[in-house]
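Presented below is the structure to which this report refers.
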Amino acid sequence: MKTELSQEKKLSRWLIFLLASACGLIVANLYYAQPLVGPISVSTGISAGSSGLIVTMTQLGYAIGLLFLVPLSDLLENRRLVVSILAIAILGMITAASAKNSYIFFVAAALIGFGSVAAQILVPFAAHLAPAEQRGRIVGNVMSGLLLGIMLARPAASLITGIWGWQAVFFISAVIMGTLMLLLSRQLPKRNPPPKDSYRTIIKSLWYIFKTTPVLRRRSLYQAALFGSFSLFWTVVPLWLSHHFHLTQKEIALFAFVGVAGAVAAPIAGRLADRGWTRKLTGIALITAAFSFVITHLLQNNQTISLIIFCAAAILLDMAVSGNLVLGQQAIYGLGDEIRGRVNGVFMAVFFVGGAIGSALGGWSYAHGNWATASIIGISLPVLAFLYYLTEKSSCIDISFTVQESSGGTRTEAQQMSDNFLNGVTQKF
């Protein structure tokens, strides 16, 4: 039964669960290929040096979709938009499963990424549903579902590949996306954004918003560095586990399950963000990400202990990335309902470009120097972000913590700042 967005729906736990599950299932499409770089390369004739492009093309497609599709959520009815975009992901999945050469697979990978941006329309949708004082918690819960999708995608892909082959992963996902399209079309509330801007105006405003909004710019670049390291790690580690530790696809899948523990950081970060801890936790996340790569060089002579250390590194890195992602979204969602779609699109596009660069560098560095070279890059990205973080001033700290109405209904200074920003965007375009 189709529903309209209402106060009752805003408080529905079922709806939040549906949004979290949908985000996880959709975004998993981006990560199925990461542990399958080896078998996909063999089947499609992709060289070792270019193997990182298997993941990079998906992430680039995602980044393009974030810039040109997600902003439509500020213009078009959101439910219909999500369902339509998922059809693109299904086309990409079927094409990938049928690919016989690298060119067809790369095109399919880009389509998968392009169509998977539907998840990033659902995340700000959850923020629209949430009362301002609970936004961090609710967005954190939805992001937990999304992050579980990211983390479970890799072991699921490895397990399915070990049984039926890598093509089955993409065929099964196409069926899941089709089922999800039907469910969302019937259960997701309608949301018609106020028709204030044209699509051309929205696209033109993206650079202006990024350029003039320190909160968005910083949060995007912090997350780009972390996600670059994250993508490099999960592009290279399956190859390293196979070649150095001699693990099978099923054993690599079990290793990937370890990373799922990192998803616990998302709801915790959301709750702490509501209390104003964003800046401190950001610094901790950046340091933790760099540290996770450093510890992999300890006790390398003992393979058993070294493998345990790699498991710990996976958990720490996933916690850093997932926690900081929720911190960033809580910050940028305070900039205003009217531009939340495009703000989220810019934020996600920037950090997924970082992920694409990390995947490409991972494939290249591993081909030229194995884990030693790849890990140096993995350490460098969060370290550079931390140096940038040290230049952050109090005026750059997100305003989202106080963009709330007081109990007496008095508008806060932060809300006025948000309104002034929105008026600036409107007057500029």
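By convention here, the chains of the structure tokens are called A, B, ... in the order presented, each chain's residues are numbered starting at 1, and ligands are numbered starting at 1 in the order presented.
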
Problem - For Lys211 of chain A: contacts at 12 Å, only C-alpha atoms, fewer than 5 positions along chain excluded, given as a list of chain:residue names - result: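 In the requested format, the answer is A:Ser205, A:Leu206, A:Leu216, A:Arg217, A:Arg218, A:Ser220, A:Val343, A:Val346, A:Val425.
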
Fill in the blank from the handout: In Å and to one decimal, atom CA of Ala261 of chain A is distant from atom CA of Met177 of chain A by 25.3 Å

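Interatomic distance, atom CA of Ile379 of chain A against atom CA of Met57 of chain A: 23.3 Å.
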
Exercise for the section: Pick out the residues sitting within 12 Å of Trp371 of chain A, and hand them over as a PyMOL selection string; count only C-alpha atoms, and ignore anything fewer than 2 positions along from it in its own chain. Expected result: chain A and resi 232-241+243-244+293-294+296-297+300+310+361-369+373-379

Okay, now the selection with C-alpha atoms, as a CSV table (one decimal), in the first residue's frame?
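Result saved to out-v7.csv:
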chain,number,residue,atom,x,y,z
A,232,LEU,CA,43.1,0.6,-1.2
A,233,PHE,CA,43.1,-1.9,1.7
A,234,TRP,CA,40.2,-3.9,0.5
A,235,THR,CA,41.4,-3.9,-3.1
A,236,VAL,CA,44.9,-5.2,-2.2
A,237,VAL,CA,44.3,-7.3,0.9
A,238,PRO,CA,42.4,-10.1,-0.9
A,239,LEU,CA,45.3,-10.5,-3.3
A,240,TRP,CA,47.8,-10.4,-0.4
A,241,LEU,CA,45.8,-12.9,1.6
A,243,HIS,CA,49.4,-14.9,-2.4
A,244,HIS,CA,51.2,-14.4,1.0
A,293,PHE,CA,48.2,0.2,8.3
A,294,VAL,CA,51.2,0.7,10.6
A,296,THR,CA,50.3,-4.7,9.7
A,297,HIS,CA,54.1,-4.5,9.6
A,300,GLN,CA,55.6,-10.4,9.9
A,310,PHE,CA,45.6,-7.9,9.7
A,361,LEU,CA,46.7,3.2,-6.5
A,362,GLY,CA,46.2,-0.1,-4.7
A,363,GLY,CA,46.2,-2.1,-7.9
A,364,TRP,CA,49.2,-0.2,-9.2
A,365,SER,CA,51.3,-0.3,-6.0
A,366,TYR,CA,50.6,-3.9,-5.3
A,367,ALA,CA,51.8,-4.9,-8.8
A,368,HIS,CA,55.0,-2.9,-8.3
A,369,GLY,CA,55.8,-3.6,-4.6
A,373,THR,CA,54.3,-0.3,-1.2
A,374,ALA,CA,50.5,-0.3,-1.0
A,375,SER,CA,50.5,0.2,2.8
A,376,ILE,CA,52.8,3.3,2.6
A,377,ILE,CA,50.1,4.9,0.4
A,378,GLY,CA,47.5,3.7,2.8
A,379,ILE,CA,49.2,5.4,5.7
